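First up is the structure itself, then whatever we jot down about it.
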Amino acid sequence: MDEVNVVVAHSERATLRVGDVFLKVDTDQARIDVEVEAIALVPVPTPEVLWRKPSVLAIAAVPGAELGRLGEPSAASSAAWAAAGAAVRRLHDAPLPPWPGRRRRGPGEWAAELDGECELLVKNGILPADLVTRNRRVAEAALQPWTPVFAHGDLQIEHVFVEGNEVTGIIDWSEAGRGNALFDLATLTIGHPDHLDDVIAGYGTGVDTDAIRAWWSLRSLLGVRWLVEHGFDPFAPGCEVDVLKSRM
């Protein structure tokens, strides 16, 4: 009999694995709906949707292994990272989805949220003021207008699966929509700066690497408090706080 494994669980959603089936339970039905719609549209490998009911989505496992994990060295080859970059380019070149992105829709919204989050990080004693202030300055380079693309919206390294030097699947599409290409690229490479050039080699020209590094700071600043409050550890080696410290 297959065991039930808890992949991730917090107050908003949980993902369980039973054999080769993943069950995603989400308090926000809209996220499930977006995931199903995105999987049907995107020109990259995705998991098969098996069924869905209110608050629950069942999808099949994809072959291969995760490209890597935040806080751990990646065992994937440079060619596999480049293949991931090429897959992201195909996604970003696809026609825009008919729904808006669930992420912030402009630099002003990002800046307002960032300012509020930085204040709370210092006020609540989560991070020292100098670390927050330095990274807030670095993050400024990310706060510029962009042309929307079909974006994944949460393209963490654990969401990209590879086998050999090929991408076999990209999972977790609940945040997909019209978004910022650099945010996707930064999310994929955060904590793995040594593979940024590989990803760009596959993605193609016209990428502002300074802006991607700015997004590393911005994404980390916005994520630390949420991670702490939901039982995750952004202070673990190689994770978000180390990313912020690397900018000092």
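Residues are named by chain letter and number: chains run A, B, ... in the order of the structure tokens, numbers start at 1 in each chain, and ligands are numbered from 1 in the order shown.
Residues in contact with Gly85 of chain A at 7 Å, where only C-alpha atoms are counted and same-chain residues fewer than 6 positions away are skipped, are listed as Val199, Ile200, Gly202 and Tyr203 of chain A.
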File dump, residues just selected, C-alpha atoms, as a PDB file, in the first residue's frame:
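Result went into selection_20.pdb, see below:
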```
ATOM      1  CA  VAL A 199      20.027  29.697 -17.472  1.00  0.00           C
ATOM      2  CA  ILE A 200      20.649  32.792 -19.571  1.00  0.00           C
ATOM      3  CA  GLY A 202      19.393  28.714 -22.663  1.00  0.00           C
ATOM      4  CA  TYR A 203      16.999  31.629 -22.302  1.00  0.00           C
TER       5      TYR A 203
END
```
Please list as a list in words every residue within 12 Å of Glu119 of chain A, counting only C-alpha atoms and excluding residues in the same chain fewer than 2 positions away. Ala112, Glu113, Leu114, Asp115, Gly116, Glu117, Leu121, Val122, Lys123, Asn124, Gly125, Ile126, Leu127, Pro128, Ala129, Val132, Thr133, Arg136, Leu221, Leu222 and Arg225 of chain A
Please provide as number ranges by chain all residues within 12 Å of segment 30-38 of chain A, with the sequence filter that same-chain residues fewer than 6 positions apart are discarded (counting only C-alpha atoms). A: 12-13, 23-24, 44-59, 91, 94-103, 150-154, 170-178
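Between atom CA of Val6 of chain A and atom CA of Asp20 of chain A lies a distance of 13.3 Å.
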Can you list every residue in segment 114-227 of chain A that DSSP puts in strand (DSSP E or B), as a list in words? Val149, Phe150, Ala151, Val160, Phe161, Val162, Glu163, Glu166, Val167, Thr168, Gly169, Ile170, Gly177, Arg178 and Gly179 of chain A
Selection export as a CSV table (one decimal), in the first residue's frame, atoms kept: all heavy atoms:
```
chain,number,residue,atom,x,y,z
A,149,VAL,N,4.6,39.1,-19.7
A,149,VAL,CA,4.7,37.8,-20.4
A,149,VAL,C,3.8,36.8,-19.8
A,149,VAL,O,3.3,37.0,-18.7
A,149,VAL,CB,6.2,37.4,-20.5
A,149,VAL,CG1,7.1,38.4,-21.1
A,149,VAL,CG2,6.7,37.0,-19.0
A,150,PHE,N,3.7,35.6,-20.4
A,150,PHE,CA,3.1,34.5,-19.7
A,150,PHE,C,4.1,34.0,-18.7
A,150,PHE,O,5.1,33.3,-19.1
A,150,PHE,CB,2.7,33.4,-20.7
A,150,PHE,CG,1.7,32.4,-20.2
A,150,PHE,CD1,0.7,31.9,-21.1
A,150,PHE,CD2,1.7,32.0,-18.9
A,150,PHE,CE1,-0.2,31.0,-20.7
A,150,PHE,CE2,0.7,31.1,-18.5
A,150,PHE,CZ,-0.2,30.6,-19.4
A,151,ALA,N,3.8,34.3,-17.4
A,151,ALA,CA,4.8,34.0,-16.4
A,151,ALA,C,4.3,32.8,-15.5
A,151,ALA,O,3.1,32.7,-15.3
A,151,ALA,CB,5.1,35.2,-15.5
A,160,VAL,N,10.9,22.7,-11.2
A,160,VAL,CA,11.4,22.3,-12.5
A,160,VAL,C,12.1,20.9,-12.4
A,160,VAL,O,13.0,20.7,-11.6
A,160,VAL,CB,12.4,23.3,-13.0
A,160,VAL,CG1,13.0,22.9,-14.4
A,160,VAL,CG2,11.8,24.7,-13.1
A,161,PHE,N,11.6,20.0,-13.2
A,161,PHE,CA,12.1,18.6,-13.2
A,161,PHE,C,12.9,18.3,-14.4
A,161,PHE,O,12.5,18.7,-15.5
A,161,PHE,CB,11.0,17.6,-13.0
A,161,PHE,CG,10.4,17.5,-11.6
A,161,PHE,CD1,9.7,18.5,-11.0
A,161,PHE,CD2,10.7,16.4,-10.8
A,161,PHE,CE1,9.2,18.4,-9.7
A,161,PHE,CE2,10.2,16.3,-9.5
A,161,PHE,CZ,9.5,17.3,-9.0
A,162,VAL,N,14.0,17.6,-14.3
A,162,VAL,CA,14.8,17.3,-15.4
A,162,VAL,C,15.2,15.8,-15.4
A,162,VAL,O,15.3,15.2,-14.3
A,162,VAL,CB,16.1,18.2,-15.4
A,162,VAL,CG1,15.8,19.7,-15.6
A,162,VAL,CG2,16.9,18.0,-14.2
A,163,GLU,N,15.6,15.3,-16.5
A,163,GLU,CA,16.1,14.0,-16.7
A,163,GLU,C,17.3,14.1,-17.7
A,163,GLU,O,17.0,14.4,-18.8
A,163,GLU,CB,15.0,13.0,-17.2
A,163,GLU,CG,15.4,11.5,-16.9
A,163,GLU,CD,14.1,10.7,-17.1
A,163,GLU,OE1,13.5,10.7,-18.2
A,163,GLU,OE2,13.8,10.0,-16.1
A,166,GLU,N,17.4,17.3,-20.1
A,166,GLU,CA,16.2,17.8,-20.7
A,166,GLU,C,15.2,18.0,-19.5
A,166,GLU,O,15.2,17.3,-18.5
A,166,GLU,CB,15.6,16.7,-21.6
A,166,GLU,CG,16.4,16.5,-22.9
A,166,GLU,CD,15.7,15.7,-23.9
A,166,GLU,OE1,14.6,15.3,-23.7
A,166,GLU,OE2,16.3,15.4,-25.0
A,167,VAL,N,14.3,19.0,-19.8
A,167,VAL,CA,13.2,19.3,-18.8
A,167,VAL,C,12.1,18.4,-19.1
A,167,VAL,O,11.6,18.2,-20.2
A,167,VAL,CB,12.7,20.8,-19.0
A,167,VAL,CG1,11.5,21.1,-18.1
A,167,VAL,CG2,13.9,21.8,-18.6
A,168,THR,N,11.7,17.7,-18.0
A,168,THR,CA,10.6,16.7,-18.2
A,168,THR,C,9.3,17.2,-17.6
A,168,THR,O,8.2,16.7,-17.9
A,168,THR,CB,10.9,15.4,-17.4
A,168,THR,OG1,11.3,15.7,-16.0
A,168,THR,CG2,12.1,14.7,-18.1
A,169,GLY,N,9.3,18.3,-16.8
A,169,GLY,CA,8.1,18.8,-16.3
A,169,GLY,C,8.3,20.1,-15.5
A,169,GLY,O,9.3,20.2,-14.8
A,170,ILE,N,7.3,21.0,-15.5
A,170,ILE,CA,7.3,22.2,-14.7
A,170,ILE,C,6.0,22.1,-13.9
A,170,ILE,O,4.9,22.0,-14.6
A,170,ILE,CB,7.5,23.5,-15.4
A,170,ILE,CG1,8.8,23.5,-16.2
A,170,ILE,CG2,7.4,24.7,-14.5
A,170,ILE,CD1,9.0,24.7,-17.0
A,177,GLY,N,0.2,33.6,-14.8
A,177,GLY,CA,-0.6,34.7,-15.4
A,177,GLY,C,0.3,35.7,-16.1
A,177,GLY,O,1.5,35.4,-16.4
A,178,ARG,N,-0.2,36.9,-16.3
A,178,ARG,CA,0.6,37.9,-16.9
A,178,ARG,C,1.6,38.5,-15.9
A,178,ARG,O,1.1,39.1,-14.9
A,178,ARG,CB,-0.3,39.0,-17.5
A,178,ARG,CG,-1.3,38.5,-18.5
A,178,ARG,CD,-2.2,39.6,-19.0
A,178,ARG,NE,-3.3,39.0,-19.8
A,178,ARG,CZ,-4.2,39.7,-20.4
A,178,ARG,NH1,-4.2,41.0,-20.3
A,178,ARG,NH2,-5.2,39.1,-21.1
A,179,GLY,N,2.9,38.4,-16.1
A,179,GLY,CA,3.8,38.8,-15.1
A,179,GLY,C,5.1,39.2,-15.7
A,179,GLY,O,5.3,39.4,-16.9
```
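Neighbours of Arg69 of chain A closer than or equal to 9 Å, with only C-alpha atoms counted and sequence neighbours fewer than 3 positions away skipped, come out as Glu66, Glu72, Pro73, Ser74, Gln156, Ile157, Glu158 and Gly191 of chain A.
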Writing out the chosen residues with N, CA, C and O atoms as a compact mmCIF listing (two decimals), in the first residue's frame:
```
# COMPACT_ATOMS: atom_id res chain seq x y z
N GLU A 66 14.03 16.89 -9.38
CA GLU A 66 14.07 18.35 -9.26
C GLU A 66 15.41 18.89 -9.74
O GLU A 66 16.45 18.27 -9.55
N GLU A 72 20.83 23.89 -1.11
CA GLU A 72 21.64 22.72 -1.39
C GLU A 72 22.30 22.88 -2.76
O GLU A 72 21.70 23.48 -3.66
N PRO A 73 23.51 22.35 -2.95
CA PRO A 73 24.11 22.38 -4.29
C PRO A 73 23.25 21.58 -5.26
O PRO A 73 22.66 20.56 -4.89
N SER A 74 23.17 22.04 -6.49
CA SER A 74 22.40 21.33 -7.51
C SER A 74 23.27 20.28 -8.17
O SER A 74 24.39 20.55 -8.58
N GLN A 156 10.12 28.32 -8.53
CA GLN A 156 11.18 27.84 -7.66
C GLN A 156 11.91 26.67 -8.30
O GLN A 156 11.35 25.92 -9.11
N ILE A 157 13.16 26.50 -7.91
CA ILE A 157 13.99 25.44 -8.48
C ILE A 157 13.35 24.07 -8.30
O ILE A 157 13.48 23.18 -9.15
N GLU A 158 12.62 23.88 -7.18
CA GLU A 158 11.97 22.59 -6.91
C GLU A 158 10.80 22.33 -7.84
O GLU A 158 10.26 21.21 -7.87
N GLY A 191 19.64 31.82 -4.85
CA GLY A 191 20.41 30.86 -4.07
C GLY A 191 21.36 30.01 -4.90
O GLY A 191 22.14 29.22 -4.35
```
Pick from A:Gln29, A:Thr209, A:Ser11, A:Ser217: nearest to Arg134 of chain A, with only C-alpha atoms counted? A:Ser217
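Nearest residue to Arg17 of chain A, choosing from A:Val207, A:Ala61, A:Thr147, A:Leu41 and counting only C-alpha atoms: A:Ala61.
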One-decimal distance in Å that lies between atom CA of Gly68 of chain A and atom CA of Val243 of chain A: 16.3 Å
Surrounding residues of Pro145 of chain A excluding itself and chain neighbours under 4 positions, 10 Å, only C-alpha atoms, as JSON, numbers by chain: {"A": [105, 106, 107, 108, 180]}
Those same residues, written as an mmCIF file, in the first residue's frame with N, CA, C and O atoms?
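Ended up saving to out_15.cif:
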```
data_model
loop_
_atom_site.group_PDB
_atom_site.id
_atom_site.type_symbol
_atom_site.label_atom_id
_atom_site.label_comp_id
_atom_site.auth_asym_id
_atom_site.auth_seq_id
_atom_site.Cartn_x
_atom_site.Cartn_y
_atom_site.Cartn_z
ATOM 1 N N ARG A 105 0.967 43.942 -9.951
ATOM 2 C CA ARG A 105 0.835 44.251 -11.368
ATOM 3 C C ARG A 105 1.675 45.433 -11.828
ATOM 4 O O ARG A 105 1.599 45.824 -12.984
ATOM 5 N N GLY A 106 2.460 46.027 -10.978
ATOM 6 C CA GLY A 106 3.277 47.141 -11.418
ATOM 7 C C GLY A 106 4.318 47.496 -10.371
ATOM 8 O O GLY A 106 4.236 47.071 -9.212
ATOM 9 N N PRO A 107 5.338 48.283 -10.754
ATOM 10 C CA PRO A 107 6.404 48.649 -9.814
ATOM 11 C C PRO A 107 5.892 49.338 -8.564
ATOM 12 O O PRO A 107 6.438 49.143 -7.473
ATOM 13 N N GLY A 108 4.841 50.149 -8.709
ATOM 14 C CA GLY A 108 4.310 50.858 -7.552
ATOM 15 C C GLY A 108 3.778 49.918 -6.483
ATOM 16 O O GLY A 108 3.999 50.135 -5.279
ATOM 17 N N ASN A 180 6.112 39.348 -14.822
ATOM 18 C CA ASN A 180 7.429 39.877 -15.152
ATOM 19 C C ASN A 180 8.383 38.729 -15.446
ATOM 20 O O ASN A 180 8.584 37.840 -14.613
#
```
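Interatomic distance, atom CA of His192 of chain A against atom CA of Trp81 of chain A: 10.6 Å.
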Nearest to Gly204 of chain A among A:Val4, A:Ala14, A:Ala87, A:Val241, with distances taken over only C-alpha atoms: which residue is it? A:Ala87
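Distances from A:Leu16, A:Asn165, A:Asp208, A:Lys245 to Ser77 of chain A were compared using only C-alpha atoms, and the smallest one belongs to A:Asn165.
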